[in-house]
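Student: To be precise about what I am sending: the file is called protein-v8.txt and holds compact mmCIF, C-alpha atoms and all ligand atoms.
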# COMPACT_ATOMS: atom_id res chain seq x y z
CA MET B 6 1.88 -20.98 0.92
CA SER B 7 1.52 -17.49 -0.53
CA SER B 8 3.96 -14.68 0.13
CA VAL B 9 1.38 -12.90 2.26
CA GLU B 10 0.85 -16.05 4.36
CA GLN B 11 4.60 -16.21 4.83
CA GLY B 12 4.67 -12.83 6.53
CA PHE B 13 5.07 -10.45 3.62
CA PHE B 14 3.10 -7.24 3.62
CA THR B 15 1.42 -5.98 0.48
CA VAL B 16 1.85 -2.51 -0.95
CA VAL B 17 -1.83 -1.95 -0.13
CA ASP B 18 -0.97 -2.64 3.53
CA VAL B 19 1.65 0.11 3.34
CA LYS B 20 -0.89 2.49 1.83
CA ARG B 21 -3.35 1.65 4.60
CA TYR B 22 -0.68 2.16 7.25
CA ALA B 23 0.03 5.60 5.79
CA TYR B 24 -3.69 6.38 6.08
CA CYS B 25 -3.90 5.03 9.64
CA PRO B 26 -1.64 2.47 11.40
CA ARG B 27 -4.63 0.96 13.20
CA ILE B 28 -5.97 -0.45 9.92
CA VAL B 29 -2.95 -2.77 9.73
CA PHE B 30 -3.53 -3.78 13.35
CA ILE B 31 -7.19 -4.55 12.56
CA THR B 32 -6.41 -6.53 9.41
CA HIS B 33 -3.21 -8.35 10.44
CA VAL B 34 -3.70 -8.86 14.17
CA LEU B 35 -7.48 -9.11 14.46
CA HIS B 36 -7.96 -10.53 10.96
CA LEU B 37 -10.97 -8.35 10.27
CA GLU B 38 -11.50 -7.16 6.73
CA GLU B 39 -13.31 -4.20 5.27
CA ARG B 40 -16.70 -4.89 3.78
CA VAL B 41 -16.84 -4.27 0.05
CA SER B 42 -16.97 -0.51 -0.26
CA GLU B 43 -17.85 1.71 -3.15
CA ALA B 44 -14.15 2.37 -3.60
CA MET B 45 -13.37 -1.34 -3.78
CA GLU B 46 -16.20 -1.97 -6.22
CA MET B 47 -15.09 0.83 -8.48
CA GLY B 48 -11.45 -0.14 -8.14
CA ALA B 49 -12.31 -3.63 -9.30
CA GLU B 50 -13.85 -2.34 -12.50
CA GLU B 51 -11.93 -2.12 -15.70
CA HIS B 52 -10.93 1.47 -16.36
CA ASP B 53 -10.44 3.35 -19.58
CA THR B 54 -6.76 3.18 -20.43
CA SER B 55 -6.72 6.15 -22.78
CA PHE B 56 -5.49 8.39 -19.96
CA ILE B 57 -2.05 6.92 -20.46
CA THR B 58 -1.69 8.07 -24.08
CA PRO B 59 -0.44 11.62 -23.29
CA LEU B 60 2.12 10.15 -20.90
CA LEU B 61 3.52 7.89 -23.58
CA ALA B 62 4.48 10.87 -25.74
CA LYS B 63 5.55 13.11 -22.86
CA LEU B 64 7.92 10.53 -21.36
CA ARG B 65 8.94 8.92 -24.68
CA VAL B 66 7.79 5.55 -23.47
CA SER B 67 9.03 2.49 -25.33
CA ARG B 68 7.21 -0.20 -23.34
CA VAL B 69 4.20 -0.41 -21.03
CA LEU B 70 3.91 -3.27 -18.53
CA ARG B 71 0.47 -3.75 -17.02
CA GLY B 72 -0.43 -5.57 -13.80
CA LEU B 73 3.20 -6.21 -12.92
CA GLU B 74 3.54 -8.53 -9.90
CA LEU B 75 6.57 -7.75 -7.78
CA GLU B 76 8.05 -9.34 -4.68
CA SER B 77 11.01 -8.56 -2.46
CA GLU B 78 12.10 -10.95 0.24
CA ARG B 79 14.58 -8.33 1.40
CA LEU B 80 11.76 -5.86 2.07
CA GLY B 81 9.16 -8.48 3.07
CA LEU B 82 6.88 -6.86 0.52
CA VAL B 83 4.74 -7.88 -2.45
CA GLY B 84 2.57 -5.85 -4.78
CA LYS B 85 0.84 -5.68 -8.13
CA LEU B 86 1.52 -2.43 -9.95
CA ASP B 87 -1.11 -1.08 -12.36
CA TYR B 88 1.43 0.11 -14.93
CA LEU B 89 5.17 0.39 -15.27
CA LEU B 90 6.36 2.65 -18.05
CA VAL B 91 9.79 2.06 -19.54
CA THR B 92 11.12 5.13 -21.33
CA ARG B 93 13.56 5.21 -24.22
CA ASP B 94 16.11 6.52 -21.71
CA ARG B 95 15.43 3.36 -19.65
CA GLU B 96 13.76 5.27 -16.85
CA LEU B 97 11.17 3.16 -14.99
CA VAL B 98 8.02 5.06 -14.01
CA PRO B 99 5.27 3.45 -11.87
CA VAL B 100 1.66 4.50 -12.49
CA GLU B 101 -1.34 3.76 -10.27
CA VAL B 102 -5.04 4.27 -11.02
CA LYS B 103 -7.41 5.41 -8.26
CA TRP B 104 -11.17 5.48 -8.29
CA SER B 105 -11.23 8.63 -6.16
CA GLU B 106 -10.43 12.26 -6.89
CA SER B 107 -7.19 14.14 -6.39
CA LEU B 108 -6.61 16.70 -3.66
CA GLY B 109 -7.34 19.66 -5.90
CA GLY B 110 -4.82 18.45 -8.45
CA ARG B 111 -2.36 17.12 -5.87
CA ILE B 112 -1.60 13.56 -4.87
CA LYS B 113 -2.94 12.17 -1.57
CA TRP B 114 -0.35 11.27 1.04
CA ASP B 115 -1.19 7.56 1.24
CA HIS B 116 -1.09 7.29 -2.55
CA ARG B 117 2.38 8.89 -2.63
CA VAL B 118 3.53 6.38 -0.01
CA GLN B 119 2.02 3.57 -2.09
CA LEU B 120 3.89 4.71 -5.22
CA ALA B 121 7.12 4.92 -3.23
CA ALA B 122 6.57 1.35 -1.99
CA TYR B 123 6.16 0.21 -5.59
CA ALA B 124 9.29 2.16 -6.46
CA LEU B 125 11.26 0.18 -3.85
CA LEU B 126 9.93 -3.07 -5.30
CA VAL B 127 10.80 -2.00 -8.85
CA GLU B 128 14.29 -0.99 -7.77
CA ASP B 129 14.80 -4.25 -5.91
CA ASN B 130 13.65 -6.36 -8.85
CA LEU B 131 14.78 -4.40 -11.89
CA GLY B 132 17.82 -2.53 -10.64
CA SER B 133 17.00 0.99 -11.86
CA THR B 134 16.46 3.94 -9.56
CA VAL B 135 12.87 5.20 -9.67
CA LYS B 136 12.67 8.98 -9.48
CA ARG B 137 9.02 9.77 -10.13
CA GLY B 138 5.60 8.22 -10.51
CA TYR B 139 2.04 9.09 -11.47
CA VAL B 140 -1.43 8.57 -10.05
CA TYR B 141 -4.46 8.81 -12.32
CA TYR B 142 -7.61 9.85 -10.44
CA LEU B 143 -10.66 8.50 -12.22
CA LYS B 144 -13.23 10.77 -10.58
CA ASP B 145 -11.71 14.07 -11.66
CA LYS B 146 -9.75 12.54 -14.55
CA ARG B 147 -6.45 14.03 -13.44
CA ILE B 148 -3.05 12.50 -13.75
CA VAL B 149 -0.69 13.74 -11.07
CA GLU B 150 3.08 13.42 -11.07
CA THR B 151 4.97 12.97 -7.81
CA LEU B 152 8.64 12.99 -6.91
CA ILE B 153 9.91 9.73 -5.43
CA ASP B 154 13.09 10.75 -3.66
CA ASP B 155 15.26 9.20 -0.96
CA GLU B 156 13.22 10.88 1.76
CA ILE B 157 9.90 9.22 0.85
CA LYS B 158 11.66 5.89 0.21
CA GLY B 159 13.18 6.12 3.70
CA ILE B 160 9.74 6.82 5.15
CA VAL B 161 8.38 3.67 3.50
CA ARG B 162 11.27 1.55 4.83
CA ARG B 163 10.63 2.84 8.35
CA MET B 164 6.90 2.20 7.97
CA LEU B 165 7.59 -1.39 6.93
CA SER B 166 9.83 -1.87 9.93
CA SER B 167 7.16 -0.44 12.27
CA MET B 168 4.45 -2.57 10.65
CA HIS B 169 6.37 -5.80 11.17
CA GLU B 170 7.13 -4.89 14.76
CA MET B 171 3.52 -3.90 15.48
CA VAL B 172 2.12 -7.16 14.12
CA LEU B 173 4.68 -9.41 15.75
CA MET B 174 4.20 -7.70 19.12
CA GLU B 175 0.42 -7.40 18.58
CA ARG B 176 0.73 -3.79 19.61
CA ASP B 177 -2.44 -1.74 19.16
CA PRO B 178 -1.46 1.77 18.01
CA GLY B 179 -4.81 3.12 19.25
CA VAL B 180 -7.01 5.72 17.63
CA ARG B 181 -4.87 8.63 16.52
CA ALA B 182 -6.60 9.66 13.33
CA PRO B 183 -8.90 12.68 13.35
CA LEU B 184 -12.62 11.87 13.15
CA SER B 185 -12.79 13.43 9.67
CA ARG B 186 -10.43 10.73 8.41
CA CYS B 187 -12.25 7.99 10.33
CA LEU B 188 -15.54 8.92 8.68
CA ASN B 189 -14.02 7.89 5.33
CA CYS B 190 -12.48 4.73 6.72
CA GLY B 191 -13.90 1.30 5.88
CA TYR B 192 -12.92 0.02 9.34
CA LEU B 193 -14.85 2.65 11.30
CA SER B 194 -17.47 0.18 12.51
CA TYR B 195 -14.78 -2.05 14.02
CA CYS B 196 -12.82 0.77 15.50
CA ARG B 197 -14.59 3.83 16.89
CA SER B 198 -17.53 3.28 19.17
CA GLY B 199 -20.69 5.21 18.31
CA SER B 200 -19.28 6.64 15.09
CA SER B 201 -21.17 4.52 12.61
CA GLY B 202 -24.51 2.86 12.24
CA GLY B 203 -23.11 -0.58 11.51
CA SER B 204 -24.02 -3.64 13.52
CA GLU B 205 -20.47 -4.92 14.03
CA LYS B 206 -18.92 -5.10 17.44
CA LYS B 207 -17.68 -1.67 18.42
CA VAL B 208 -14.68 -0.81 20.52
CA SER B 209 -13.91 2.39 22.35
CA PRO B 210 -10.98 4.46 21.11
CA GLY B 211 -7.73 3.27 22.62
CA THR B 212 -9.20 0.02 23.93
CA PRO B 213 -7.02 -3.02 23.26
CA ILE B 214 -9.59 -4.64 20.98
CA VAL B 215 -7.58 -7.82 20.59
CA LYS B 216 -8.55 -8.72 24.16
CA ILE B 217 -12.23 -7.92 23.72
CA LEU B 218 -12.56 -10.06 20.62
CA GLY B 219 -11.09 -13.06 22.39
CA ASP B 220 -8.37 -15.49 21.53
CA ARG B 221 -6.94 -15.16 18.08
CA GLU B 222 -4.18 -16.81 16.26
CA GLY B 223 -0.89 -15.55 17.66
CA PRO B 224 1.89 -13.95 15.65
CA GLU B 225 3.76 -17.24 15.28
CA GLY B 226 0.77 -18.66 13.41
CA ARG B 227 0.95 -15.89 10.87
CA PHE B 228 4.71 -16.08 10.44
CA PRO B 229 5.35 -19.82 10.45
CA GLY B 230 9.03 -20.48 10.76
CA LYS B 231 9.76 -16.89 9.92
CA ARG B 232 11.63 -14.17 11.68
CA PRO B 233 10.31 -10.64 11.35
CA ARG B 234 11.25 -9.24 7.98
CA MET B 235 12.97 -5.94 8.50
CA PRO B 236 13.95 -3.96 5.42
CA GLU B 237 17.65 -4.44 4.73
CA LEU B 238 20.00 -2.07 3.05
CA ASP B 239 22.09 -4.23 0.77
CA ASN B 240 22.13 -3.12 -2.84
CA SER B 241 22.18 -6.45 -4.63
CA ARG B 242 19.88 -6.21 -7.66
CA ARG B 243 19.00 -8.19 -10.69
CA ASP B 244 19.52 -7.09 -14.22
CA SER B 245 16.47 -5.20 -15.45
CA GLU B 246 16.80 -6.68 -18.93
CA ASP B 247 15.99 -10.12 -17.53
CA MET B 248 12.76 -8.93 -16.01
CA VAL B 249 11.16 -6.46 -18.38
CA LYS B 250 8.87 -8.24 -20.80
S1 LIG K 301 -11.69 4.39 12.08
FE1 LIG K 301 -10.09 5.95 12.30
S2 LIG K 301 -8.66 5.18 13.89
FE2 LIG K 301 -9.94 3.44 13.18
S3 LIG K 301 -8.74 2.46 11.59
FE3 LIG K 301 -10.08 3.92 10.56
S4 LIG K 301 -8.90 5.82 10.40
FE4 LIG K 301 -7.89 4.51 11.91
Can you give me the file's structure in the form of structure tokens?
Tutor:
Amino acid sequence: MSSVEQGFFTVVDVKRYAYCPRIVFITHVLHLEERVSEAMEMGAEEHDTSFITPLLAKLRVSRVLRGLELESERLGLVGKLDYLLVTRDRELVPVEVKWSESLGGRIKWDHRVQLAAYALLVEDNLGSTVKRGYVYYLKDKRIVETLIDDEIKGIVRRMLSSMHEMVLMERDPGVRAPLSRCLNCGYLSYCRSGSSGGSEKKVSPGTPIVKILGDREGPEGRFPGKRPRMPELDNSRRDSEDMVK
């Protein structure tokens, strides 16, 4: 049984929750998935890795780890990081690549949350404090640095706690996102009635869609033999030297 089947969330789930909590309700309670979008298609493509070259010199990087798979039972979280840079000063710096464009040179909120979630995974697995990360936006070819401090890490921990509670209680958070955000959301056709031209079943804002769509597998089925995984605060960590390859 995979980690996700055992009740772990993925870092992508955390990013989606930061964009709109209802996406996690739709995917984890209703088990509906986004159709393949342009973003997903582009994200699946191989990207040019030359963007990373200036960072290597700037940060004095001694090692680059690509596609690093990370898991934390303590956090109930798994993820696959695009790049982890290891500097000569032994700083660990996560880097994510996005198909989209930056916010006029700034990082998008959900992408900052995603980097912070990776930072927690890196810290839990490798034992070094992560202080910053980068997102490379393919569309406008910008690499943006962001601070990953205790505040944003605390926000991610609280999000994870809320996500686990929401799924276990099957609690629909309702439609709270502004329409402008919904129009860019791959779940619009499942979520907001009359807002898209899709043929999927539509549900009015705020309606408990789990009831309309009929009986679904209950929370116990998704978390077999598991208690809800709430982020813990113990500081036990493994030696980074054992993990970095
Ligand atoms: S359509 Fe809007 S409310 Fe529904 S999941 Fe997407 S962003 Fe959230």
Student: Edge lengths and centre in Å to one decimal, as JSON, is what I'm after for the box along x, y and z that holds all listed atoms of ligand LIG 301 (chain K) once 3 Å is added on each side.
Tutor:
{"center_x": -9.8, "center_y": 4.2, "center_z": 12.1, "size_x": 9.8, "size_y": 9.5, "size_z": 9.5}
Student: Select from chain B every residue with an atom at most 8 Å from any atom of ligand LIG 301 (chain K), then for each give the shortest pair of atoms and their distance in Å to one decimal, using only C-alpha atoms and all ligand atoms, rows by chain and rising number, as JSON lines.
Tutor:
{"residue": "B:Tyr24", "atom": "CA", "partner": "K:LIG301", "partner_atom": "S4", "distance": 6.8}
{"residue": "B:Cys25", "atom": "CA", "partner": "K:LIG301", "partner_atom": "FE4", "distance": 4.6}
{"residue": "B:Pro26", "atom": "CA", "partner": "K:LIG301", "partner_atom": "FE4", "distance": 6.6}
{"residue": "B:Arg27", "atom": "CA", "partner": "K:LIG301", "partner_atom": "S3", "distance": 4.7}
{"residue": "B:Ile28", "atom": "CA", "partner": "K:LIG301", "partner_atom": "S3", "distance": 4.4}
{"residue": "B:Ile31", "atom": "CA", "partner": "K:LIG301", "partner_atom": "S3", "distance": 7.2}
{"residue": "B:Gly179", "atom": "CA", "partner": "K:LIG301", "partner_atom": "S2", "distance": 6.9}
{"residue": "B:Val180", "atom": "CA", "partner": "K:LIG301", "partner_atom": "S2", "distance": 4.1}
{"residue": "B:Arg181", "atom": "CA", "partner": "K:LIG301", "partner_atom": "S2", "distance": 5.8}
{"residue": "B:Ala182", "atom": "CA", "partner": "K:LIG301", "partner_atom": "S2", "distance": 5.0}
{"residue": "B:Pro183", "atom": "CA", "partner": "K:LIG301", "partner_atom": "FE1", "distance": 6.9}
{"residue": "B:Leu184", "atom": "CA", "partner": "K:LIG301", "partner_atom": "FE1", "distance": 6.5}
{"residue": "B:Arg186", "atom": "CA", "partner": "K:LIG301", "partner_atom": "S4", "distance": 5.5}
{"residue": "B:Cys187", "atom": "CA", "partner": "K:LIG301", "partner_atom": "FE1", "distance": 3.6}
{"residue": "B:Leu188", "atom": "CA", "partner": "K:LIG301", "partner_atom": "S1", "distance": 6.8}
{"residue": "B:Asn189", "atom": "CA", "partner": "K:LIG301", "partner_atom": "S4", "distance": 7.5}
{"residue": "B:Cys190", "atom": "CA", "partner": "K:LIG301", "partner_atom": "FE3", "distance": 4.6}
{"residue": "B:Gly191", "atom": "CA", "partner": "K:LIG301", "partner_atom": "FE3", "distance": 6.6}
{"residue": "B:Tyr192", "atom": "CA", "partner": "K:LIG301", "partner_atom": "FE3", "distance": 5.0}
{"residue": "B:Leu193", "atom": "CA", "partner": "K:LIG301", "partner_atom": "S1", "distance": 3.7}
{"residue": "B:Ser194", "atom": "CA", "partner": "K:LIG301", "partner_atom": "S1", "distance": 7.2}
{"residue": "B:Tyr195", "atom": "CA", "partner": "K:LIG301", "partner_atom": "FE2", "distance": 7.4}
{"residue": "B:Cys196", "atom": "CA", "partner": "K:LIG301", "partner_atom": "FE2", "distance": 4.6}
{"residue": "B:Arg197", "atom": "CA", "partner": "K:LIG301", "partner_atom": "S1", "distance": 5.6}
{"residue": "B:Pro210", "atom": "CA", "partner": "K:LIG301", "partner_atom": "S2", "distance": 7.6}
Student: Could you save those same residues with C-alpha atoms as a short mmCIF file (atom, residue, chain, number, x, y, z; two decimals), in the frame of the given file?
Tutor:
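The result, stored in selection-v1.cif:
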data_model
loop_
_atom_site.label_atom_id
_atom_site.label_comp_id
_atom_site.auth_asym_id
_atom_site.auth_seq_id
_atom_site.Cartn_x
_atom_site.Cartn_y
_atom_site.Cartn_z
CA TYR B 24 -3.69 6.38 6.08
CA CYS B 25 -3.90 5.03 9.64
CA PRO B 26 -1.64 2.47 11.40
CA ARG B 27 -4.63 0.96 13.20
CA ILE B 28 -5.97 -0.45 9.92
CA ILE B 31 -7.19 -4.55 12.56
CA GLY B 179 -4.81 3.12 19.25
CA VAL B 180 -7.01 5.72 17.63
CA ARG B 181 -4.87 8.63 16.52
CA ALA B 182 -6.60 9.66 13.33
CA PRO B 183 -8.90 12.68 13.35
CA LEU B 184 -12.62 11.87 13.15
CA ARG B 186 -10.43 10.73 8.41
CA CYS B 187 -12.25 7.99 10.33
CA LEU B 188 -15.54 8.92 8.68
CA ASN B 189 -14.02 7.89 5.33
CA CYS B 190 -12.48 4.73 6.72
CA GLY B 191 -13.90 1.30 5.88
CA TYR B 192 -12.92 0.02 9.34
CA LEU B 193 -14.85 2.65 11.30
CA SER B 194 -17.47 0.18 12.51
CA TYR B 195 -14.78 -2.05 14.02
CA CYS B 196 -12.82 0.77 15.50
CA ARG B 197 -14.59 3.83 16.89
CA PRO B 210 -10.98 4.46 21.11
#
Student: Which residue out of B:Val98, B:Glu38, B:Leu126, B:Ser105 has the minimum interatomic distance to Leu152 of chain B when all atoms listed in the file are used?
Tutor: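 Under the stated criterion, the closest residue is B:Val98.
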Student: Would you mind reading off the distance between atom CA of Val102 of chain B and atom CA of Thr58 of chain B, one decimal, in Å?
Tutor: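 Interatomic distance here is 14.0 Å.
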Student: Taking all atoms listed in the file into account, name the residue in B:Arg79, B:Lys20, B:Lys103, B:His33 that is nearest to Arg176 of chain B.
Tutor: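 Between B:Arg79, B:Lys20, B:Lys103, B:His33, the residue approaching Arg176 of chain B most closely is B:His33.
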Student: Nearest residue to Leu120 of chain B out of B:Glu39, B:Asp145, B:Asp94, B:Asp154, using all atoms listed in the file?
Tutor: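 Distance minimum relative to Leu120 of chain B lands on B:Asp154.
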Student: Quick check, in Å to one decimal: how far apart do atom CA of Met171 of chain B and atom CA of Ile153 of chain B lie?
Tutor: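 Interatomic distance here is 25.8 Å.
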Student: Quick one: everything within 9 Å of Ser77 of chain B, counting only C-alpha atoms, minus sequence neighbours fewer than 3 positions away in the same chain. Send it as a list in words.
Tutor: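 Here the answer would be Phe13, Leu80, Gly81, Leu82, Val83, Leu125, Leu126, Asp129 and Asn130 of chain B.
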Student: Next, the residues of the selection above should be written as a compact mmCIF listing (two decimals), keeping the file's coordinate frame with C-alpha atoms.
Tutor:
# COMPACT_ATOMS: atom_id res chain seq x y z
CA PHE B 13 5.07 -10.45 3.62
CA LEU B 80 11.76 -5.86 2.07
CA GLY B 81 9.16 -8.48 3.07
CA LEU B 82 6.88 -6.86 0.52
CA VAL B 83 4.74 -7.88 -2.45
CA LEU B 125 11.26 0.18 -3.85
CA LEU B 126 9.93 -3.07 -5.30
CA ASP B 129 14.80 -4.25 -5.91
CA ASN B 130 13.65 -6.36 -8.85
Student: Have a look at B:Gly132, B:Lys63, B:Phe56, B:Ile157 and name the one nearest to Glu101 of chain B; count only C-alpha atoms.
Tutor: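 Smallest distance to Glu101 of chain B is found for B:Phe56.
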Student: Please identify all polymer residues within 9 Å of Arg93 of chain B, counting all atoms listed in the file, omitting same-chain residues fewer than 4 positions from it, and present them as a VMD selection string.
Tutor: chain B and resid 64 to 68
Student: In Å, how far is it from atom CA of Lys85 of chain B to atom CA of Val16 of chain B?
Tutor: 7.9 Å
Student: With distances taken over only C-alpha atoms, which residue among B:Ala62, B:Ala124, B:Val135, B:Ile57 lies nearest Leu86 of chain B?
Tutor: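 Among B:Ala62, B:Ala124, B:Val135, B:Ile57, it is B:Ala124 that comes nearest to Leu86 of chain B.
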Student: Excluding Gly84 of chain B and residues on its chain fewer than 2 positions from it, collect all residues at most 6 Å away from it, counting all atoms listed in the file, and give them as a VMD selection string.
Tutor: chain B and resid 15 to 16 74 to 75
